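Undergrad: Mind having a look at this structure? Questions to follow.
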Amino acid sequence: MEFKKILPFLAMPILLIAVEIGALLISLPVKQTGIVAFQDPTSVADPFIFIGILLAFTALLLILIKFGKQWAISAVIWISFFFTFIYIFAALVYATFGTTDPATILIILLSVVATVILYKFPEWYVIDVLGILIGAGVASIFGVSLDIIPVLILLILLAVYDAISVYKTKHMITLAEGIIEYKTPILFVIPKRRDYSFIKEGIGTLESGGERAAFIIGMGDMIMPSILVVSANVFIGGWRLFGMINLPAIGAIIGSLAGLAVLLSFVMSGKAQAGLPPLNGGTILGFLAGWGIAILLGL
């Protein structure tokens, strides 16, 4: 097998682990500062609110893509990026320096700088590095905000939705193609060759033989499994490896990697694949296995 075909099997697990470990680390200041997405982490209504917001956001982007409103698509996405950075840096800065005016100014400055860098120089490695920060930050906020049962409901609903939107209605493919066309960096990019440039080529440029110039995976595919990893670590007590991570969370990480391996085996067929069914399914099974082992061992 050629190296470029092996590359995603090496790079994507590293990216996934980076997001999951980053989410676990960021969850500590998120808990400390109380930056949460939902006030009641046990409410089973929260996953449905999440899905409702996701559907509304998706519908808005699809409408804008249909009418070719590139400026509006860019505005929506870049504003979303900016406020995402605000929440992430708020957790990190407030936990470190306290809730002060200078800290607030620093948060705004860091968010502006990160957004500008991503906007002005969206090369693939910049996208991936800041993507890890975004993915870890979002996963930590939702993981701290949702207890185990709501997260399991959310991951199951999202897996079903993703499968329907890719294989049945196909609107997720339309959304992905529109985002790729406008070179909007809400995905992770893994180039197939050393001289590849996302700025110059995007993903739409085809190499000889009809292959894409880079592998891609959506940020959501990395974020959703990481939410369960964080939730398991926050809401379940007991023994922790190095005093930091418990067996259910470890099981979720291992399960997510197994699910990613299944997804990559499908991706090699060359067809668009729904990422969340294998990823969320593997994460849930791994979590349940880790939780079961912890109970059996009394940990």
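Order determines the names: the first chain of the structure tokens is A, the second B, and so forth; residues in each chain are numbered 1 upward, and ligands are numbered 1 upward as they are shown.
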Using only C-alpha atoms, what does the table of stretch 92-176 of chain A residues within 9 Å of stretch 275-292 of chain A look like, with each row giving the shortest atom pair and its distance in Å to one decimal, sorted by chain and ascending number, as a tab-separated table?

TA:
residue	atom	partner	partner_atom	distance
A:Leu152	CA	A:Ile284	CA	7.2
A:Leu155	CA	A:Asn280	CA	5.9
A:Ile156	CA	A:Asn280	CA	7.1
A:Leu158	CA	A:Leu276	CA	7.0
A:Ala159	CA	A:Pro277	CA	4.5
A:Val160	CA	A:Pro277	CA	6.9
A:Tyr161	CA	A:Leu276	CA	8.9
A:Asp162	CA	A:Leu276	CA	6.3
A:Ala163	CA	A:Pro277	CA	6.8

Undergrad: With the cut-off set at 12 Å and counting only C-alpha atoms, tabulate each residue of stretch 60-140 of chain A with an atom at most that distance from an atom of stretch 193-201 of chain A, showing the nearest atom pair and its distance in Å to one decimal, ordered by chain and increasing number, as CSV.

TA:
residue,atom,partner,partner_atom,distance
A:Leu118,CA,A:Ile199,CA,11.0
A:Tyr119,CA,A:Ile199,CA,10.4
A:Lys120,CA,A:Ile199,CA,9.6
A:Phe121,CA,A:Ile199,CA,7.6
A:Pro122,CA,A:Ile199,CA,6.2
A:Glu123,CA,A:Phe198,CA,5.3
A:Trp124,CA,A:Phe198,CA,5.5
A:Tyr125,CA,A:Phe198,CA,9.1
A:Val126,CA,A:Phe198,CA,10.0
A:Ile127,CA,A:Phe198,CA,9.3
A:Asp128,CA,A:Phe198,CA,11.3

Undergrad: Limited to C-alpha atoms, could you put the picked residues into a file as a compact mmCIF listing (two decimals), in the first residue's frame?

TA:
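Everything below was put into result_7.txt:
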# COMPACT_ATOMS: atom_id res chain seq x y z
CA LEU A 118 -6.97 31.36 10.75
CA TYR A 119 -8.56 33.84 8.33
CA LYS A 120 -5.40 35.35 6.86
CA PHE A 121 -3.26 32.21 6.73
CA PRO A 122 -5.52 29.16 6.50
CA GLU A 123 -2.78 26.71 5.54
CA TRP A 124 -3.52 23.09 6.40
CA TYR A 125 -1.21 22.92 9.40
CA VAL A 126 -2.64 26.15 10.85
CA ILE A 127 -6.14 24.75 10.38
CA ASP A 128 -5.18 21.50 12.10

Undergrad: Give me, please, the distance in Å between atom CA of A:Pro150 and atom CA of A:Asn233, quoted to one decimal.

TA: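 Going from atom CA of A:Pro150 over to atom CA of A:Asn233 covers 14.6 Å.
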
Undergrad: Find the residues around stretch 12-26 of chain A up to 6 Å (only C-alpha atoms counted), leave out those fewer than 3 positions away in its own chain, and share them as a PyMOL selection string.

TA: chain A and resi 8+29+132+135-137+139-140+222+226+230

Undergrad: Convert the current residue selection to file output with N, CA and C atoms, as a PDB file, in the first residue's frame.

TA:
ATOM      1  N   PRO A   8      -3.682   8.554   6.344  1.00  0.00           N
ATOM      2  CA  PRO A   8      -4.808   8.860   7.231  1.00  0.00           C
ATOM      3  C   PRO A   8      -4.897   7.918   8.418  1.00  0.00           C
ATOM      4  N   PRO A  29     -10.105  23.805  33.693  1.00  0.00           N
ATOM      5  CA  PRO A  29     -10.449  25.227  33.838  1.00  0.00           C
ATOM      6  C   PRO A  29     -11.902  25.537  33.492  1.00  0.00           C
ATOM      7  N   ILE A 132      -7.486  21.611  16.579  1.00  0.00           N
ATOM      8  CA  ILE A 132      -7.353  20.831  17.808  1.00  0.00           C
ATOM      9  C   ILE A 132      -7.810  21.657  19.006  1.00  0.00           C
ATOM     10  N   GLY A 135     -11.665  22.048  18.677  1.00  0.00           N
ATOM     11  CA  GLY A 135     -12.323  20.780  18.973  1.00  0.00           C
ATOM     12  C   GLY A 135     -12.251  20.435  20.452  1.00  0.00           C
ATOM     13  N   ALA A 136     -11.067  20.599  21.039  1.00  0.00           N
ATOM     14  CA  ALA A 136     -10.887  20.291  22.458  1.00  0.00           C
ATOM     15  C   ALA A 136     -11.718  21.229  23.328  1.00  0.00           C
ATOM     16  N   GLY A 137     -11.744  22.508  22.963  1.00  0.00           N
ATOM     17  CA  GLY A 137     -12.493  23.479  23.754  1.00  0.00           C
ATOM     18  C   GLY A 137     -13.984  23.222  23.716  1.00  0.00           C
ATOM     19  N   ALA A 139     -15.537  20.388  22.915  1.00  0.00           N
ATOM     20  CA  ALA A 139     -15.826  19.098  23.555  1.00  0.00           C
ATOM     21  C   ALA A 139     -15.790  19.227  25.075  1.00  0.00           C
ATOM     22  N   SER A 140     -14.843  20.008  25.591  1.00  0.00           N
ATOM     23  CA  SER A 140     -14.752  20.163  27.045  1.00  0.00           C
ATOM     24  C   SER A 140     -15.964  20.899  27.599  1.00  0.00           C
ATOM     25  N   MET A 222     -14.531  14.676  15.242  1.00  0.00           N
ATOM     26  CA  MET A 222     -13.548  14.612  16.323  1.00  0.00           C
ATOM     27  C   MET A 222     -14.146  15.085  17.649  1.00  0.00           C
ATOM     28  N   SER A 226     -15.284  13.006  21.729  1.00  0.00           N
ATOM     29  CA  SER A 226     -14.545  13.636  22.829  1.00  0.00           C
ATOM     30  C   SER A 226     -15.477  14.141  23.919  1.00  0.00           C
ATOM     31  N   VAL A 230     -14.943  13.352  27.964  1.00  0.00           N
ATOM     32  CA  VAL A 230     -14.924  14.355  29.034  1.00  0.00           C
ATOM     33  C   VAL A 230     -16.024  14.082  30.054  1.00  0.00           C
TER      34      VAL A 230
END

Undergrad: For A:Gly238, which of A:Leu297, A:Lys170, A:Gln273, A:Phe266 is the closest residue, counting only C-alpha atoms?

TA: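 Counting only C-alpha atoms, the residue closest to A:Gly238 is A:Leu297.
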